[in-house]
>>> print(open('model-v5.cif').read())   # mmCIF, C-alpha atoms
data_work
loop_
_atom_site.group_PDB
_atom_site.id
_atom_site.type_symbol
_atom_site.label_atom_id
_atom_site.label_comp_id
_atom_site.auth_asym_id
_atom_site.auth_seq_id
_atom_site.Cartn_x
_atom_site.Cartn_y
_atom_site.Cartn_z
ATOM 1 C CA MET O 1 -41.785 27.055 -47.897
ATOM 2 C CA ASN O 2 -42.319 24.075 -45.983
ATOM 3 C CA SER O 3 -38.903 22.935 -44.995
ATOM 4 C CA ARG O 4 -38.422 20.482 -42.251
ATOM 5 C CA VAL O 5 -35.604 20.982 -39.855
ATOM 6 C CA ARG O 6 -33.970 17.679 -39.146
ATOM 7 C CA LEU O 7 -32.543 17.380 -35.636
ATOM 8 C CA THR O 8 -29.699 14.963 -35.120
ATOM 9 C CA GLY O 9 -28.444 13.543 -31.869
ATOM 10 C CA PHE O 10 -28.294 10.441 -29.734
ATOM 11 C CA THR O 11 -31.318 8.624 -28.446
ATOM 12 C CA LEU O 12 -31.706 7.745 -24.806
ATOM 13 C CA ILE O 13 -31.113 4.057 -25.540
ATOM 14 C CA GLU O 14 -27.819 4.778 -27.301
ATOM 15 C CA ILE O 15 -26.610 6.818 -24.328
ATOM 16 C CA LEU O 16 -27.616 4.071 -21.863
ATOM 17 C CA VAL O 17 -25.774 1.417 -23.903
ATOM 18 C CA VAL O 18 -22.573 3.498 -23.890
ATOM 19 C CA VAL O 19 -22.854 4.100 -20.105
ATOM 20 C CA ALA O 20 -23.360 0.344 -19.519
ATOM 21 C CA ILE O 21 -20.294 -0.519 -21.623
ATOM 22 C CA VAL O 22 -18.147 2.030 -19.760
ATOM 23 C CA ALA O 23 -19.357 0.641 -16.408
ATOM 24 C CA ILE O 24 -18.482 -2.936 -17.391
ATOM 25 C CA VAL O 25 -15.003 -1.972 -18.625
ATOM 26 C CA THR O 26 -14.373 0.010 -15.429
ATOM 27 C CA ALA O 27 -15.468 -2.919 -13.242
ATOM 28 C CA VAL O 28 -13.195 -5.366 -15.083
ATOM 29 C CA ALA O 29 -10.251 -2.962 -14.838
ATOM 30 C CA THR O 30 -10.836 -2.444 -11.110
ATOM 31 C CA LEU O 31 -10.947 -6.189 -10.419
ATOM 32 C CA SER O 32 -7.788 -6.746 -12.467
ATOM 33 C CA LEU O 33 -5.913 -4.047 -10.572
ATOM 34 C CA GLY O 34 -6.963 -5.648 -7.277
ATOM 35 C CA VAL O 35 -5.267 -8.922 -8.227
ATOM 36 C CA ILE O 36 -2.162 -7.142 -9.492
ATOM 37 C CA GLY O 37 -2.067 -5.078 -6.308
ATOM 38 C CA ASP O 38 -1.867 -8.234 -4.204
ATOM 39 C CA ASP O 39 1.094 -9.407 -6.281
ATOM 40 C CA ASN O 40 2.710 -6.000 -5.798
ATOM 41 C CA ASP O 41 2.350 -6.316 -2.012
ATOM 42 C CA ALA O 42 4.244 -9.610 -2.054
ATOM 43 C CA ARG O 43 6.892 -8.253 -4.439
ATOM 44 C CA THR O 44 7.320 -5.139 -2.258
ATOM 45 C CA GLU O 45 7.795 -7.295 0.847
ATOM 46 C CA ALA O 46 10.353 -9.446 -0.996
ATOM 47 C CA ARG O 47 12.340 -6.372 -2.064
ATOM 48 C CA ARG O 48 12.180 -4.929 1.467
ATOM 49 C CA LEU O 49 13.423 -8.174 3.032
ATOM 50 C CA ALA O 50 16.228 -8.470 0.450
ATOM 51 C CA SER O 51 17.312 -4.892 1.185
ATOM 52 C CA LEU O 52 17.260 -5.449 4.941
ATOM 53 C CA ILE O 53 19.335 -8.614 4.556
ATOM 54 C CA GLU O 54 21.909 -6.566 2.654
ATOM 55 C CA VAL O 55 21.921 -3.933 5.423
ATOM 56 C CA ALA O 56 22.386 -6.641 8.077
ATOM 57 C CA GLN O 57 25.283 -8.139 6.086
ATOM 58 C CA ASP O 58 26.964 -4.744 5.840
ATOM 59 C CA GLU O 59 26.484 -4.144 9.577
ATOM 60 C CA ALA O 60 27.854 -7.605 10.402
ATOM 61 C CA MET O 61 31.005 -7.008 8.340
ATOM 62 C CA MET O 62 31.607 -3.418 9.503
ATOM 63 C CA GLN O 63 30.933 -3.997 13.198
ATOM 64 C CA GLY O 64 32.195 -7.569 13.517
ATOM 65 C CA ARG O 65 28.861 -8.731 14.964
ATOM 66 C CA GLU O 66 26.829 -11.764 13.971
ATOM 67 C CA PHE O 67 23.156 -11.317 13.203
ATOM 68 C CA GLY O 68 20.306 -13.701 12.656
ATOM 69 C CA LEU O 69 17.002 -13.598 10.826
ATOM 70 C CA GLU O 70 13.946 -15.115 12.460
ATOM 71 C CA LEU O 71 11.006 -15.627 10.097
ATOM 72 C CA LEU O 72 7.363 -15.907 11.116
ATOM 73 C CA ALA O 73 4.234 -16.735 9.160
ATOM 74 C CA GLY O 74 3.309 -13.033 9.093
ATOM 75 C CA GLY O 75 6.580 -11.177 9.665
ATOM 76 C CA TYR O 76 10.258 -11.338 10.566
ATOM 77 C CA ARG O 77 12.889 -9.840 12.838
ATOM 78 C CA PHE O 78 16.637 -9.530 13.068
ATOM 79 C CA VAL O 79 18.527 -10.506 16.226
ATOM 80 C CA GLU O 80 22.203 -10.282 17.183
ATOM 81 C CA TYR O 81 24.462 -12.770 18.903
ATOM 82 C CA ASP O 82 25.868 -11.738 22.260
ATOM 83 C CA PRO O 83 29.092 -13.720 22.838
ATOM 84 C CA PHE O 84 29.187 -12.849 26.560
ATOM 85 C CA THR O 85 25.802 -14.397 27.340
ATOM 86 C CA GLN O 86 26.064 -16.829 24.403
ATOM 87 C CA SER O 87 22.515 -16.035 23.335
ATOM 88 C CA TRP O 88 20.560 -14.225 20.650
ATOM 89 C CA THR O 89 19.241 -10.832 21.695
ATOM 90 C CA ASP O 90 16.960 -8.198 20.306
ATOM 91 C CA ILE O 91 18.742 -5.321 18.536
ATOM 92 C CA PRO O 92 18.039 -2.316 20.775
ATOM 93 C CA GLY O 93 17.610 1.113 19.247
ATOM 94 C CA ASP O 94 17.993 -0.010 15.621
ATOM 95 C CA ASP O 95 15.011 1.305 13.693
ATOM 96 C CA VAL O 96 16.127 -0.227 10.374
ATOM 97 C CA LEU O 97 16.439 -3.816 11.628
ATOM 98 C CA ARG O 98 13.360 -3.653 13.861
ATOM 99 C CA PRO O 99 10.756 -6.452 13.876
ATOM 100 C CA ARG O 100 8.376 -6.191 10.922
ATOM 101 C CA ASN O 101 4.863 -7.440 10.357
ATOM 102 C CA LEU O 102 3.708 -8.127 6.813
ATOM 103 C CA ALA O 103 0.631 -6.503 5.273
ATOM 104 C CA ALA O 104 -2.667 -8.123 6.199
ATOM 105 C CA GLY O 105 -3.120 -11.438 4.416
ATOM 106 C CA VAL O 106 0.507 -11.722 3.220
ATOM 107 C CA LEU O 107 2.149 -14.903 4.489
ATOM 108 C CA LEU O 108 5.632 -16.452 4.359
ATOM 109 C CA ASP O 109 6.639 -20.055 3.679
ATOM 110 C CA LEU O 110 10.272 -20.871 4.507
ATOM 111 C CA TYR O 111 12.241 -23.556 2.672
ATOM 112 C CA MET O 112 15.672 -24.645 3.850
ATOM 113 C CA GLU O 113 17.466 -27.328 1.842
ATOM 114 C CA ASP O 114 14.236 -27.642 -0.203
ATOM 115 C CA LYS O 115 12.225 -28.657 2.882
ATOM 116 C CA LEU O 116 9.297 -26.634 4.208
ATOM 117 C CA VAL O 117 10.065 -25.280 7.680
ATOM 118 C CA PRO O 118 7.029 -24.671 9.905
ATOM 119 C CA LEU O 119 6.912 -21.056 11.068
ATOM 120 C CA GLU O 120 5.531 -19.656 14.286
ATOM 121 C CA GLU O 121 2.559 -17.304 14.098
ATOM 122 C CA GLU O 122 4.041 -14.811 16.583
ATOM 123 C CA LEU O 123 7.473 -13.703 17.722
ATOM 124 C CA ALA O 124 9.108 -15.910 20.333
ATOM 125 C CA GLU O 125 8.950 -14.392 23.782
ATOM 126 C CA LEU O 126 12.011 -12.498 24.868
ATOM 127 C CA ALA O 127 13.032 -13.109 28.478
ATOM 128 C CA GLN O 128 14.397 -10.407 30.754
ATOM 129 C CA ASP O 129 17.571 -11.186 32.707
ATOM 130 C CA GLU O 130 19.032 -9.264 35.624
ATOM 131 C CA ASP O 131 20.885 -6.875 33.289
ATOM 132 C CA ASP O 132 17.621 -6.101 31.458
ATOM 133 C CA ASP O 133 18.885 -7.583 28.182
ATOM 134 C CA ARG O 134 16.243 -9.078 25.938
ATOM 135 C CA LEU O 135 17.247 -12.698 25.281
ATOM 136 C CA LEU O 136 15.689 -15.068 22.753
ATOM 137 C CA LYS O 137 14.435 -18.047 24.782
ATOM 138 C CA GLY O 138 16.160 -21.330 23.900
ATOM 139 C CA SER O 139 16.150 -20.976 20.138
ATOM 140 C CA ALA O 140 18.302 -19.743 17.316
ATOM 141 C CA PRO O 141 17.179 -17.729 14.302
ATOM 142 C CA HIS O 142 16.419 -19.473 11.009
ATOM 143 C CA SER O 143 19.266 -17.849 9.086
ATOM 144 C CA LEU O 144 22.624 -16.710 10.454
ATOM 145 C CA ILE O 145 24.483 -13.697 9.064
ATOM 146 C CA PHE O 146 28.191 -14.063 9.812
ATOM 147 C CA THR O 147 30.833 -11.350 10.167
ATOM 148 C CA SER O 148 32.177 -12.339 6.737
ATOM 149 C CA GLY O 149 28.821 -11.469 5.156
ATOM 150 C CA ASP O 150 28.083 -15.127 4.431
ATOM 151 C CA MET O 151 24.777 -16.482 5.649
ATOM 152 C CA THR O 152 22.655 -19.579 5.946
ATOM 153 C CA PRO O 153 20.941 -20.105 2.563
ATOM 154 C CA PHE O 154 17.156 -20.271 2.358
ATOM 155 C CA ARG O 155 14.191 -19.677 0.089
ATOM 156 C CA VAL O 156 11.029 -17.910 1.180
ATOM 157 C CA HIS O 157 7.699 -17.801 -0.653
ATOM 158 C CA ILE O 158 5.722 -14.602 -0.073
ATOM 159 C CA ALA O 159 2.049 -14.625 -1.108
ATOM 160 C CA ARG O 160 -1.317 -13.137 -0.344
ATOM 161 C CA GLY O 161 -3.554 -16.167 -0.050
ATOM 162 C CA PRO O 162 -3.313 -19.571 -1.704
ATOM 163 C CA ALA O 163 -4.958 -18.528 -4.997
ATOM 164 C CA ILE O 164 -2.147 -16.180 -6.017
ATOM 165 C CA ASP O 165 1.269 -17.418 -7.155
ATOM 166 C CA PRO O 166 3.898 -16.479 -4.570
ATOM 167 C CA ILE O 167 6.925 -14.299 -5.081
ATOM 168 C CA VAL O 168 10.093 -16.245 -4.254
ATOM 169 C CA LEU O 169 13.092 -14.698 -2.489
ATOM 170 C CA THR O 170 16.147 -16.948 -2.713
ATOM 171 C CA VAL O 171 19.245 -16.227 -0.587
ATOM 172 C CA ASP O 172 22.435 -18.177 -1.253
ATOM 173 C CA ALA O 173 25.354 -18.894 1.095
ATOM 174 C CA LEU O 174 27.136 -15.706 0.003
ATOM 175 C CA GLY O 175 24.074 -13.642 0.889
ATOM 176 C CA GLN O 176 23.162 -12.897 -2.731
ATOM 177 C CA THR O 177 19.403 -12.447 -3.132
ATOM 178 C CA GLU O 178 17.201 -13.178 -6.133
ATOM 179 C CA ILE O 179 13.505 -12.382 -6.496
ATOM 180 C CA THR O 180 11.515 -14.579 -8.882
ATOM 181 C CA THR O 181 8.146 -16.263 -9.202
ATOM 182 C CA VAL O 182 7.369 -19.952 -8.712
ATOM 183 C CA ASP O 183 7.144 -20.397 -12.500
ATOM 184 C CA GLU O 184 10.718 -19.138 -12.945
ATOM 185 C CA LEU O 185 12.265 -21.626 -10.484
#
>>> encode(input="model-v5.cif", output="structure tokens")
Amino acid sequence: MNSRVRLTGFTLIEILVVVAIVAIVTAVATLSLGVIGDDNDARTEARRLASLIEVAQDEAMMQGREFGLELLAGGYRFVEYDPFTQSWTDIPGDDVLRPRNLAAGVLLDLYMEDKLVPLEEELAELAQDEDDDRLLKGSAPHSLIFTSGDMTPFRVHIARGPAIDPIVLTVDALGQTEITTVDEL
């Protein structure tokens, strides 16, 4: 009996082709997730800013204090109006409305009345007076949040780099926020 045993299996070339295909698919998926991740950073920042605006509105109505929002190219901060010194001051001891820096590479563009407003790169210096209050030097915030909850309307574009479409946060005069993309405007 001369029977031949036939062995079946994959050749080395077949295995290498499958490994190459898996590597290419993995690389494409990784690059795609990187682009989506950048969009998620901008969307997360837009949701955070919208939530903080709502908190500031609630605080303004409950406490009878006026707040302001100062936007920067890479961050933002909330300030409050001090009627005794007639100036805008830092909010001491408030961890929720503290100054915030955006993630690396995420930038803001502010539009008020459909006009681009140039933003500072860094926070304006706060001066110290004799009572050790932190006063905003000679300027007012970009958007005012009144004790009624109303506020100065604006639109801010949040993006990571110029190649990616920005996420748009629109705030109307009643303080209602809407998050969209540039295509949806």
>>> closest_residue(input="model-v5.cif", among="O:Asn101, O:Ser87, O:Gln63, O:Thr181", to="Gly149 (chain O)", atoms="all atoms listed in the file")
O:Gln63
>>> atom_distance(input="model-v5.cif", atom1="CA of Gly75 (chain O)", atom2="CA of Arg100 (chain O)")
5.4 Å
>>> closest_residue(input="model-v5.cif", among="O:Val156, O:Ile53, O:Val22, O:Ala46", to="Val117 (chain O)", atoms="only C-alpha atoms")
O:Val156
>>> resolve_selection(input="model-v5.cif", expression="the PyMOL selection byres ((chain O and resi 76-83) around 10)", output="count of residues only")
44
>>> atom_distance(input="model-v5.cif", atom1="CA of Pro153 (chain O)", atom2="CA of Ala50 (chain O)")
12.7 Å
>>> closest_residue(input="model-v5.cif", among="O:Val19, O:Ala103, O:Met62, O:Leu7", to="Asn40 (chain O)", atoms="only C-alpha atoms")
O:Ala103
>>> atom_distance(input="model-v5.cif", atom1="CA of Glu113 (chain O)", atom2="CA of Arg160 (chain O)")
23.6 Å
>>> axis_aligned_box(input="model-v5.cif", around="region 85-88 of chain O", padding_each_side="4 Å", output="JSON")
{"center_x": 23.3, "center_y": -15.5, "center_z": 24.0, "size_x": 13.5, "size_y": 10.6, "size_z": 14.7}
>>> resolve_selection(input="model-v5.cif", expression="the PyMOL selection byres ((chain O and resi 150) around 6)", output="list of chain:residue names")
O:Phe146, O:Ser148, O:Gly149, O:Met151, O:Ala173, O:Leu174, O:Gly175
>>> write_last_selection(input="model-v5.cif", atoms="C-alpha atoms", output="PDB file, in the coordinates of the input")
ATOM      1  CA  PHE O 146      28.191 -14.063   9.812  1.00  0.00           C
ATOM      2  CA  SER O 148      32.177 -12.339   6.737  1.00  0.00           C
ATOM      3  CA  GLY O 149      28.821 -11.469   5.156  1.00  0.00           C
ATOM      4  CA  MET O 151      24.777 -16.482   5.649  1.00  0.00           C
ATOM      5  CA  ALA O 173      25.354 -18.894   1.095  1.00  0.00           C
ATOM      6  CA  LEU O 174      27.136 -15.706   0.003  1.00  0.00           C
ATOM      7  CA  GLY O 175      24.074 -13.642   0.889  1.00  0.00           C
TER       8      GLY O 175
END
>>> closest_residue(input="model-v5.cif", among="O:Leu119, O:Ala29, O:Leu107, O:Val18", to="Pro166 (chain O)", atoms="only C-alpha atoms")
O:Leu107
>>> build_atoms(input="model-v5.cif", residues="region 3-31 of chain O", atoms="N, CA and C atoms", output="mmCIF file, in the coordinates of the input")
data_model
loop_
_atom_site.group_PDB
_atom_site.id
_atom_site.type_symbol
_atom_site.label_atom_id
_atom_site.label_comp_id
_atom_site.auth_asym_id
_atom_site.auth_seq_id
_atom_site.Cartn_x
_atom_site.Cartn_y
_atom_site.Cartn_z
ATOM 1 N N SER O 3 -40.127 23.735 -45.191
ATOM 2 C CA SER O 3 -38.903 22.935 -44.995
ATOM 3 C C SER O 3 -38.889 22.353 -43.588
ATOM 4 N N ARG O 4 -38.506 21.167 -43.561
ATOM 5 C CA ARG O 4 -38.422 20.482 -42.251
ATOM 6 C C ARG O 4 -37.003 20.578 -41.735
ATOM 7 N N VAL O 5 -36.915 20.924 -40.502
ATOM 8 C CA VAL O 5 -35.604 20.982 -39.855
ATOM 9 C C VAL O 5 -35.349 19.608 -39.248
ATOM 10 N N ARG O 6 -34.292 19.019 -39.659
ATOM 11 C CA ARG O 6 -33.970 17.679 -39.146
ATOM 12 C C ARG O 6 -32.985 17.825 -37.979
ATOM 13 N N LEU O 7 -33.398 17.353 -36.828
ATOM 14 C CA LEU O 7 -32.543 17.380 -35.636
ATOM 15 C C LEU O 7 -31.778 16.066 -35.549
ATOM 16 N N THR O 8 -30.511 16.170 -35.282
ATOM 17 C CA THR O 8 -29.699 14.963 -35.120
ATOM 18 C C THR O 8 -29.173 14.916 -33.698
ATOM 19 N N GLY O 9 -28.958 13.723 -33.218
ATOM 20 C CA GLY O 9 -28.444 13.543 -31.869
ATOM 21 C C GLY O 9 -28.537 12.084 -31.479
ATOM 22 N N PHE O 10 -28.260 11.801 -30.227
ATOM 23 C CA PHE O 10 -28.294 10.441 -29.734
ATOM 24 C C PHE O 10 -29.616 10.193 -29.034
ATOM 25 N N THR O 11 -30.097 8.988 -29.159
ATOM 26 C CA THR O 11 -31.318 8.624 -28.446
ATOM 27 C C THR O 11 -30.947 8.207 -27.027
ATOM 28 N N LEU O 12 -31.924 8.139 -26.199
ATOM 29 C CA LEU O 12 -31.706 7.745 -24.806
ATOM 30 C C LEU O 12 -31.145 6.329 -24.723
ATOM 31 N N ILE O 13 -31.588 5.442 -25.559
ATOM 32 C CA ILE O 13 -31.113 4.057 -25.540
ATOM 33 C C ILE O 13 -29.636 3.997 -25.928
ATOM 34 N N GLU O 14 -29.226 4.764 -26.905
ATOM 35 C CA GLU O 14 -27.819 4.778 -27.301
ATOM 36 C C GLU O 14 -26.932 5.271 -26.161
ATOM 37 N N ILE O 15 -27.386 6.285 -25.465
ATOM 38 C CA ILE O 15 -26.610 6.818 -24.328
ATOM 39 C C ILE O 15 -26.523 5.787 -23.216
ATOM 40 N N LEU O 16 -27.616 5.097 -22.913
ATOM 41 C CA LEU O 16 -27.616 4.071 -21.863
ATOM 42 C C LEU O 16 -26.701 2.903 -22.220
ATOM 43 N N VAL O 17 -26.653 2.509 -23.485
ATOM 44 C CA VAL O 17 -25.774 1.417 -23.903
ATOM 45 C C VAL O 17 -24.306 1.816 -23.702
ATOM 46 N N VAL O 18 -23.951 3.027 -24.072
ATOM 47 C CA VAL O 18 -22.573 3.498 -23.890
ATOM 48 C C VAL O 18 -22.215 3.548 -22.408
ATOM 49 N N VAL O 19 -23.109 4.039 -21.549
ATOM 50 C CA VAL O 19 -22.854 4.100 -20.105
ATOM 51 C C VAL O 19 -22.674 2.690 -19.545
ATOM 52 N N ALA O 20 -23.478 1.727 -19.998
ATOM 53 C CA ALA O 20 -23.360 0.344 -19.519
ATOM 54 C C ALA O 20 -22.007 -0.249 -19.923
ATOM 55 N N ILE O 21 -21.588 0.004 -21.161
ATOM 56 C CA ILE O 21 -20.294 -0.519 -21.623
ATOM 57 C C ILE O 21 -19.153 0.085 -20.813
ATOM 58 N N VAL O 22 -19.189 1.381 -20.563
ATOM 59 C CA VAL O 22 -18.147 2.030 -19.760
ATOM 60 C C VAL O 22 -18.126 1.461 -18.346
ATOM 61 N N ALA O 23 -19.283 1.204 -17.759
ATOM 62 C CA ALA O 23 -19.357 0.641 -16.408
ATOM 63 C C ALA O 23 -18.754 -0.758 -16.354
ATOM 64 N N ILE O 24 -19.020 -1.572 -17.366
ATOM 65 C CA ILE O 24 -18.482 -2.936 -17.391
ATOM 66 C C ILE O 24 -16.962 -2.906 -17.544
ATOM 67 N N VAL O 25 -16.454 -2.080 -18.435
ATOM 68 C CA VAL O 25 -15.003 -1.972 -18.625
ATOM 69 C C VAL O 25 -14.330 -1.474 -17.356
ATOM 70 N N THR O 26 -14.934 -0.514 -16.680
ATOM 71 C CA THR O 26 -14.373 0.010 -15.429
ATOM 72 C C THR O 26 -14.349 -1.070 -14.346
ATOM 73 N N ALA O 27 -15.407 -1.851 -14.249
ATOM 74 C CA ALA O 27 -15.468 -2.919 -13.242
ATOM 75 C C ALA O 27 -14.396 -3.972 -13.493
ATOM 76 N N VAL O 28 -14.218 -4.370 -14.750
ATOM 77 C CA VAL O 28 -13.195 -5.366 -15.083
ATOM 78 C C VAL O 28 -11.803 -4.822 -14.773
ATOM 79 N N ALA O 29 -11.558 -3.567 -15.111
ATOM 80 C CA ALA O 29 -10.251 -2.962 -14.838
ATOM 81 C C ALA O 29 -9.986 -2.885 -13.338
ATOM 82 N N THR O 30 -10.991 -2.533 -12.564
ATOM 83 C CA THR O 30 -10.836 -2.444 -11.110
ATOM 84 C C THR O 30 -10.521 -3.807 -10.506
ATOM 85 N N LEU O 31 -11.217 -4.845 -10.939
ATOM 86 C CA LEU O 31 -10.947 -6.189 -10.419
ATOM 87 C C LEU O 31 -9.554 -6.655 -10.816
#
